[in-house]
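Below is the file model25.cif, which contains mmCIF, C-alpha atoms and all ligand atoms.
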```cif
data_entry
loop_
_atom_site.label_atom_id
_atom_site.label_comp_id
_atom_site.auth_asym_id
_atom_site.auth_seq_id
_atom_site.Cartn_x
_atom_site.Cartn_y
_atom_site.Cartn_z
CA MET A 987 -16.14 7.42 0.92
CA ALA A 988 -13.21 5.44 2.32
CA PHE A 989 -12.92 5.19 6.10
CA GLU A 990 -16.25 6.97 6.55
CA ASN A 991 -17.58 4.82 9.32
CA LEU A 992 -14.27 4.65 11.14
CA ALA A 993 -13.81 8.40 10.84
CA ASP A 994 -17.33 9.09 12.15
CA ARG A 995 -16.86 6.84 15.13
CA LEU A 996 -13.45 8.12 16.11
CA GLN A 997 -14.55 11.71 15.73
CA ALA A 998 -17.57 11.08 17.94
CA THR A 999 -15.28 9.54 20.55
CA PHE A 1000 -12.92 12.49 20.47
CA LYS A 1001 -15.72 14.97 20.80
CA LYS A 1002 -16.38 13.64 24.26
CA ILE A 1003 -12.80 14.02 25.39
CA ARG A 1004 -11.47 17.03 23.45
CA GLY A 1005 -12.48 19.86 25.77
CA LYS A 1006 -11.87 18.08 29.04
CA GLY A 1007 -9.76 20.01 31.53
CA LYS A 1008 -9.12 16.80 33.37
CA VAL A 1009 -8.77 13.33 31.90
CA SER A 1010 -9.07 10.41 34.29
CA GLU A 1011 -7.87 6.88 33.79
CA ALA A 1012 -11.52 5.89 33.43
CA ASP A 1013 -11.93 8.41 30.58
CA VAL A 1014 -8.94 6.91 28.78
CA LYS A 1015 -10.28 3.40 29.26
CA GLU A 1016 -13.66 4.42 27.90
CA MET A 1017 -12.03 6.09 24.90
CA THR A 1018 -9.75 3.17 24.08
CA ARG A 1019 -12.68 0.77 24.37
CA GLU A 1020 -14.54 2.76 21.74
CA ILE A 1021 -11.48 3.05 19.50
CA ARG A 1022 -10.92 -0.68 19.79
CA LEU A 1023 -14.44 -1.46 18.61
CA ALA A 1024 -14.23 1.06 15.79
CA LEU A 1025 -10.97 -0.44 14.52
CA LEU A 1026 -12.28 -3.99 14.70
CA GLU A 1027 -15.36 -2.94 12.79
CA ALA A 1028 -13.12 -1.33 10.18
CA ASP A 1029 -11.66 -4.80 9.68
CA VAL A 1030 -8.27 -4.07 11.21
CA ASN A 1031 -6.32 -7.17 12.20
CA PHE A 1032 -7.15 -8.30 15.75
CA LYS A 1033 -3.59 -8.40 17.01
CA VAL A 1034 -2.77 -5.07 15.41
CA VAL A 1035 -5.72 -3.53 17.27
CA LYS A 1036 -4.62 -5.03 20.57
CA ASP A 1037 -1.06 -3.71 20.30
CA PHE A 1038 -2.31 -0.34 19.14
CA ILE A 1039 -4.69 0.05 22.05
CA ASN A 1040 -2.00 -0.98 24.53
CA ARG A 1041 0.37 1.67 23.19
CA VAL A 1042 -2.29 4.37 23.27
CA LYS A 1043 -3.31 3.43 26.80
CA GLU A 1044 0.24 3.42 28.07
CA ARG A 1045 0.97 6.85 26.65
CA ALA A 1046 -2.43 8.40 27.39
CA ILE A 1047 -2.35 7.42 31.03
CA GLY A 1048 1.27 8.58 31.30
CA GLN A 1049 2.57 11.79 32.81
CA GLU A 1050 2.94 13.71 29.56
CA VAL A 1051 -0.83 13.78 29.20
CA LEU A 1052 -2.18 14.02 32.72
CA LYS A 1053 0.13 16.88 33.66
CA SER A 1054 -0.51 18.86 30.50
CA LEU A 1055 -2.77 21.92 30.44
CA THR A 1056 -4.97 20.47 27.73
CA PRO A 1057 -5.16 16.78 28.51
CA GLY A 1058 -8.15 16.19 26.21
CA GLN A 1059 -6.23 17.42 23.22
CA GLN A 1060 -3.09 15.60 24.31
CA VAL A 1061 -4.90 12.30 24.41
CA ILE A 1062 -6.15 12.86 20.89
CA LYS A 1063 -2.64 13.72 19.75
CA VAL A 1064 -1.41 10.42 21.17
CA VAL A 1065 -3.99 8.56 19.06
CA GLN A 1066 -3.06 10.56 15.99
CA ASP A 1067 0.67 9.86 16.46
CA GLU A 1068 0.08 6.16 16.99
CA LEU A 1069 -2.20 5.94 13.96
CA THR A 1070 0.50 7.58 11.84
CA GLU A 1071 3.09 5.18 13.25
CA LEU A 1072 0.78 2.25 12.51
CA MET A 1073 0.70 3.18 8.84
CA GLY A 1074 4.48 3.45 8.65
CA GLY A 1075 5.36 6.77 10.25
CA GLU A 1076 7.53 8.58 7.75
CA GLN A 1077 6.58 8.60 4.09
CA SER A 1078 8.55 5.89 2.25
CA LYS A 1079 10.18 7.08 -0.94
CA ILE A 1080 10.64 5.09 -4.11
CA THR A 1081 14.15 3.65 -4.60
CA LEU A 1082 15.81 4.63 -7.83
CA ALA A 1083 18.93 2.69 -8.86
CA SER A 1084 22.17 4.66 -8.79
CA LYS A 1085 23.04 2.98 -12.06
CA PRO A 1086 20.03 2.86 -14.42
CA PRO A 1087 17.82 1.21 -15.29
CA THR A 1088 15.76 1.06 -12.10
CA VAL A 1089 13.83 -2.21 -12.17
CA ILE A 1090 10.37 -2.21 -10.64
CA MET A 1091 8.38 -5.42 -10.45
CA LEU A 1092 4.66 -5.40 -9.66
CA VAL A 1093 2.99 -8.41 -8.09
CA GLY A 1094 -0.43 -9.17 -6.64
CA LEU A 1095 -3.63 -11.07 -7.13
CA GLN A 1096 -5.58 -10.79 -10.37
CA GLY A 1097 -7.86 -7.78 -10.33
CA ALA A 1098 -5.93 -5.95 -7.61
CA GLY A 1099 -4.94 -3.31 -10.14
CA LYS A 1100 -1.39 -4.30 -11.16
CA THR A 1101 -1.59 -3.41 -14.81
CA THR A 1102 -3.38 -0.12 -14.19
CA THR A 1103 -0.88 0.71 -11.42
CA THR A 1104 2.03 -0.04 -13.76
CA GLY A 1105 0.74 2.66 -16.10
CA LYS A 1106 0.10 5.09 -13.26
CA LEU A 1107 3.53 4.61 -11.70
CA ALA A 1108 5.25 4.99 -15.04
CA ASN A 1109 3.31 8.20 -15.61
CA TYR A 1110 4.24 9.41 -12.11
CA LEU A 1111 7.95 8.71 -12.57
CA ARG A 1112 8.01 10.46 -15.89
CA LYS A 1113 6.26 13.52 -14.50
CA GLN A 1114 8.00 13.77 -11.14
CA TYR A 1115 11.46 12.42 -11.95
CA ASN A 1116 11.68 13.01 -15.68
CA LYS A 1117 12.12 9.29 -16.31
CA ASN A 1118 11.76 7.44 -19.56
CA PRO A 1119 10.17 4.07 -18.69
CA LEU A 1120 9.75 0.82 -20.57
CA LEU A 1121 6.72 -1.31 -19.68
CA VAL A 1122 7.25 -5.06 -19.85
CA ALA A 1123 4.20 -7.30 -20.29
CA ALA A 1124 4.97 -10.48 -18.33
CA ASP A 1125 1.36 -11.37 -17.47
CA VAL A 1126 0.80 -14.13 -19.99
CA TYR A 1127 -2.12 -15.78 -18.19
CA ARG A 1128 -4.88 -13.23 -17.81
CA PRO A 1129 -6.61 -12.88 -21.18
CA ALA A 1130 -5.95 -9.45 -22.68
CA ALA A 1131 -3.47 -8.37 -19.99
CA ILE A 1132 -0.79 -7.76 -22.63
CA LYS A 1133 -3.24 -5.84 -24.78
CA GLN A 1134 -4.26 -3.76 -21.76
CA LEU A 1135 -0.64 -2.78 -21.11
CA GLN A 1136 -0.15 -1.97 -24.79
CA THR A 1137 -3.20 0.28 -24.68
CA LEU A 1138 -1.82 2.04 -21.60
CA GLY A 1139 1.53 2.40 -23.38
CA LYS A 1140 -0.23 4.05 -26.32
CA GLN A 1141 -2.14 6.43 -24.05
CA LEU A 1142 1.09 7.40 -22.34
CA SER A 1143 3.25 7.29 -25.48
CA MET A 1144 5.55 4.83 -23.77
CA PRO A 1145 7.17 1.73 -25.25
CA VAL A 1146 5.82 -1.69 -24.24
CA PHE A 1147 7.90 -4.85 -24.50
CA SER A 1148 6.10 -8.14 -25.08
CA LEU A 1149 6.87 -11.60 -26.46
CA GLY A 1150 3.25 -12.66 -26.74
CA GLU A 1151 1.29 -15.07 -24.57
CA GLN A 1152 3.28 -18.20 -25.34
CA ALA A 1153 6.60 -16.99 -23.95
CA ASN A 1154 7.98 -17.79 -20.53
CA PRO A 1155 7.56 -14.87 -18.08
CA VAL A 1156 11.15 -15.18 -16.84
CA ASP A 1157 12.44 -14.87 -20.40
CA ILE A 1158 10.13 -11.92 -21.02
CA ALA A 1159 11.45 -10.14 -17.93
CA LYS A 1160 15.09 -10.82 -18.81
CA GLN A 1161 14.74 -9.78 -22.44
CA GLY A 1162 12.69 -6.75 -21.45
CA LEU A 1163 15.52 -5.61 -19.21
CA GLU A 1164 18.04 -6.08 -22.03
CA GLN A 1165 15.79 -4.10 -24.33
CA ALA A 1166 15.63 -1.26 -21.81
CA LYS A 1167 19.41 -1.16 -21.56
CA ALA A 1168 19.75 -1.11 -25.33
CA ASP A 1169 17.15 1.65 -25.72
CA HIS A 1170 18.36 3.67 -22.70
CA ASN A 1171 15.11 3.44 -20.77
CA ASP A 1172 16.06 4.42 -17.24
CA VAL A 1173 13.14 2.63 -15.56
CA VAL A 1174 11.71 -0.80 -16.38
CA PHE A 1175 8.34 -1.92 -15.08
CA ILE A 1176 7.62 -5.64 -15.03
CA ASP A 1177 3.87 -6.31 -14.94
CA THR A 1178 3.60 -9.88 -13.66
CA ALA A 1179 0.73 -12.34 -13.63
CA GLY A 1180 -1.66 -12.63 -10.74
CA ARG A 1181 -4.02 -15.49 -10.00
CA LEU A 1182 -7.38 -15.40 -8.35
CA HIS A 1183 -5.79 -17.12 -5.38
CA ILE A 1184 -2.22 -17.58 -4.28
CA ASP A 1185 -0.81 -20.84 -5.55
CA GLU A 1186 2.57 -22.53 -5.50
CA ASN A 1187 3.29 -22.22 -9.23
CA MET A 1188 2.56 -18.53 -9.16
CA MET A 1189 4.91 -17.93 -6.26
CA GLU A 1190 7.68 -19.99 -7.83
CA GLU A 1191 7.37 -18.12 -11.06
CA LEU A 1192 7.56 -14.77 -9.29
CA GLN A 1193 10.60 -15.95 -7.32
CA ASN A 1194 12.26 -16.99 -10.57
CA ILE A 1195 11.62 -13.58 -12.09
CA GLU A 1196 12.96 -11.92 -8.95
CA ALA A 1197 16.14 -14.03 -9.11
CA ALA A 1198 16.62 -13.35 -12.83
CA ILE A 1199 16.25 -9.56 -12.85
CA LYS A 1200 16.99 -8.51 -9.24
CA PRO A 1201 14.49 -5.66 -9.00
CA ASP A 1202 15.20 -2.45 -7.08
CA GLU A 1203 11.58 -2.38 -6.01
CA ILE A 1204 9.02 -5.16 -5.73
CA PHE A 1205 5.64 -3.60 -5.14
CA LEU A 1206 2.74 -5.66 -3.94
CA VAL A 1207 -0.46 -4.22 -5.38
CA VAL A 1208 -3.29 -4.67 -2.91
CA ASP A 1209 -6.98 -3.92 -3.30
CA ALA A 1210 -7.95 -1.85 -0.26
CA MET A 1211 -11.56 -2.95 -0.63
CA THR A 1212 -10.68 -6.51 0.37
CA GLY A 1213 -9.75 -5.66 3.98
CA GLN A 1214 -8.34 -8.52 6.04
CA ASP A 1215 -8.01 -10.73 2.96
CA ALA A 1216 -5.66 -8.18 1.50
CA VAL A 1217 -3.51 -8.38 4.59
CA ASN A 1218 -3.40 -12.19 4.45
CA VAL A 1219 -2.38 -11.97 0.81
CA ALA A 1220 0.32 -9.48 1.72
CA GLU A 1221 1.66 -11.77 4.42
CA ASN A 1222 1.87 -14.65 1.95
CA PHE A 1223 3.67 -12.64 -0.69
CA SER A 1224 6.12 -11.15 1.78
CA GLU A 1225 7.11 -14.62 2.97
CA ARG A 1226 8.14 -15.58 -0.54
CA LEU A 1227 9.41 -12.40 -2.16
CA ASP A 1228 11.62 -9.60 -1.00
CA LEU A 1229 8.83 -7.04 -1.20
CA THR A 1230 9.95 -3.44 -0.84
CA GLY A 1231 6.54 -1.85 -0.51
CA VAL A 1232 2.82 -1.93 -1.02
CA VAL A 1233 0.62 0.01 -3.41
CA LEU A 1234 -2.88 0.29 -2.04
CA THR A 1235 -5.49 0.59 -4.79
CA LYS A 1236 -9.16 1.54 -4.88
CA LEU A 1237 -8.96 3.96 -1.98
CA ASP A 1238 -11.62 5.92 -3.84
CA GLY A 1239 -14.08 3.15 -2.94
CA ASP A 1240 -15.85 2.79 0.39
CA THR A 1241 -13.16 0.69 2.01
CA ARG A 1242 -13.53 0.38 5.75
CA GLY A 1243 -9.81 0.86 6.18
CA GLY A 1244 -8.60 -2.49 7.51
CA ALA A 1245 -5.97 -3.03 4.84
CA ALA A 1246 -4.51 0.47 5.06
CA LEU A 1247 -4.27 0.21 8.83
CA SER A 1248 -2.95 -3.34 9.16
CA VAL A 1249 -0.69 -4.08 6.25
CA LYS A 1250 2.46 -2.35 7.55
CA ALA A 1251 2.15 -3.82 11.04
CA VAL A 1252 1.51 -7.35 9.75
CA THR A 1253 4.10 -7.50 6.96
CA GLY A 1254 6.62 -4.84 7.99
CA LYS A 1255 6.37 -3.42 4.45
CA PRO A 1256 5.45 0.23 4.03
CA ILE A 1257 2.63 1.47 1.85
CA LYS A 1258 4.47 3.57 -0.72
CA PHE A 1259 1.63 4.66 -3.01
CA ALA A 1260 -2.13 4.97 -2.90
CA ALA A 1261 -4.37 4.74 -5.98
CA THR A 1262 -7.64 6.57 -5.94
CA GLY A 1263 -9.31 5.93 -9.27
CA GLU A 1264 -9.08 4.39 -12.70
CA LYS A 1265 -7.47 7.37 -14.43
CA LEU A 1266 -3.74 7.42 -15.09
CA ASP A 1267 -3.10 10.33 -12.76
CA ALA A 1268 -5.05 8.79 -9.86
CA LEU A 1269 -1.96 7.78 -7.90
CA GLU A 1270 -0.05 9.57 -5.18
CA PRO A 1271 2.66 8.83 -2.65
CA PHE A 1272 1.18 7.53 0.59
CA TYR A 1273 1.61 9.88 3.56
CA PRO A 1274 0.77 8.12 6.85
CA ASP A 1275 0.36 11.43 8.73
CA ARG A 1276 -2.06 12.86 6.17
CA MET A 1277 -4.05 9.64 6.13
CA ALA A 1278 -4.26 9.69 9.92
CA SER A 1279 -5.46 13.31 9.86
CA ARG A 1280 -8.04 12.43 7.25
CA ILE A 1281 -9.39 9.62 9.40
CA LEU A 1282 -9.39 11.65 12.59
CA GLY A 1283 -10.90 14.73 10.96
P1 LIG B 1 -4.70 -6.63 -12.51
O1 LIG B 1 -5.42 -7.90 -12.83
O2 LIG B 1 -4.12 -6.69 -11.13
O3 LIG B 1 -3.70 -6.23 -13.53
O4 LIG B 1 -5.82 -5.48 -12.41
P2 LIG B 1 -6.21 -4.29 -13.41
O5 LIG B 1 -5.09 -3.30 -13.49
O6 LIG B 1 -6.70 -4.84 -14.69
O7 LIG B 1 -7.39 -3.61 -12.58
C1 LIG B 1 -8.59 -4.30 -12.30
C2 LIG B 1 -9.74 -3.30 -12.29
O8 LIG B 1 -9.60 -2.40 -11.20
C3 LIG B 1 -9.79 -2.42 -13.54
O9 LIG B 1 -11.12 -2.25 -13.92
C4 LIG B 1 -9.18 -1.10 -13.07
O10 LIG B 1 -9.67 -0.01 -13.81
C5 LIG B 1 -9.65 -1.06 -11.64
N1 LIG B 1 -8.79 -0.24 -10.76
C6 LIG B 1 -7.45 -0.32 -10.58
N2 LIG B 1 -7.02 0.58 -9.68
C7 LIG B 1 -8.11 1.26 -9.25
C8 LIG B 1 -8.34 2.32 -8.29
O11 LIG B 1 -7.44 2.83 -7.62
N3 LIG B 1 -9.62 2.74 -8.16
C9 LIG B 1 -10.66 2.19 -8.86
N4 LIG B 1 -11.88 2.66 -8.65
N5 LIG B 1 -10.49 1.20 -9.74
C10 LIG B 1 -9.23 0.74 -9.95
#
```

Turn the structure described in the file into structure tokens.
Amino acid sequence: MAFENLADRLQATFKKIRGKGKVSEADVKEMTREIRLALLEADVNFKVVKDFINRVKERAIGQEVLKSLTPGQQVIKVVQDELTELMGGEQSKITLASKPPTVIMLVGLQGAGKTTTTGKLANYLRKQYNKNPLLVAADVYRPAAIKQLQTLGKQLSMPVFSLGEQANPVDIAKQGLEQAKADHNDVVFIDTAGRLHIDENMMEELQNIEAAIKPDEIFLVVDAMTGQDAVNVAENFSERLDLTGVVLTKLDGDTRGGAALSVKAVTGKPIKFAATGEKLDALEPFYPDRMASRILG
């Protein structure tokens, strides 16, 4: 299960402090030391951990806690609040264009789950917002990526636009958008190519697509299982593209949690959706407060 180790460790730490009628500065220091180690072991970015611990310490040693009737519980609430804040605070909603079609571009490394997520998001928008999406297959490099999107389109009974593997991705995106306008699709998803590693050509191509179709949302699809690497990838992408959010995939796996806990603090981009399986309905909006509660038990 995701976050299992982190959850176990934090819960064990809280057990010691929960019922205390008095919380001393030494208690807080002991607690934050344990939290710090647990977060580092969960592969949370070093600097993110440091800032987090400083904030918790400052608040937990402050008046609001020490003067309260239940200081043990107050201290835990401070950690819960800060954990929620770390993952973005408020839930971040999807942006729909006031004048359709809404253009949503998905980017990320190969294997992160872009194509699958495209299908899931399209399914979600149809169900929740009654939208009528067009899926555009602009990943011309990964063998069978186009076919995969066409298969998803069939499963969902949604149209898929493709110009084959020889076409230029910028042209595919542009023509796909025109097609959507002509057919009155109110949302267009652009499934772009990923590489195994970030490279210059890939970034340039994505920037060219961005410039050509001016998306309302650019989602970076990130594999939660890859921890710190995922965060480095996110930092790279956000330097080159005007990302509007992150979709965290594979949260059904036994991820330690580093990506979920660091990506917002490192890139400034909120996690908007979380994917928890291979099925088309295994996607939900990401709620920082619920995730924090899940981790803290
Ligand atoms: P792309 O190269 O980024 O387009 O990645 P794909 O969409 O092809 O996904 C790569 C693999 O990850 C596929 O086998 C997907 O079924 C799988 N996958 C994607 N999202 C999830 C998820 O949330 N959970 C799990 N368990 N597998 C996922």

Practice item. All residues within 7 Å of ligand LIG 1 (chain B) are required, counting all atoms listed in the file; please report them as an MDAnalysis selection string. Key: chainID A and resid 1094:1103 1131 1180 1235:1239 1261:1264 1268

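Here CA of Ala988 (chain A) is placed at a distance of 20.9 Å from CA of Phe1038 (chain A).
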
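CA of Lys1167 (chain A) to CA of Pro1087 (chain A) spans 6.9 Å [interatomic distance, one decimal].
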
Point to revise | All residues 12 Å or closer to region 1002-1018 of chain A, all atoms listed in the file, same chain fewer than 5 positions away omitted, as a ChimeraX atom specification | key: /A:995-997,1023-1025,1035-1065

Exercise for review: Please provide the set of residues having any atom within 10 Å of Glu1196 (chain A), restricted to only C-alpha atoms, with same-chain residues fewer than 6 positions apart removed, written as a PyMOL selection string.
Suggested key: chain A and resi 1091+1156+1159+1190+1202+1204+1227-1228

Practice item. Identify which of the residues A:Ala1210, A:Val1122, A:Ala1278, A:Ala1108 lies closest to Arg1242 (chain A), counting all atoms listed in the file when measuring atom-to-atom distances. Key: A:Ala1210
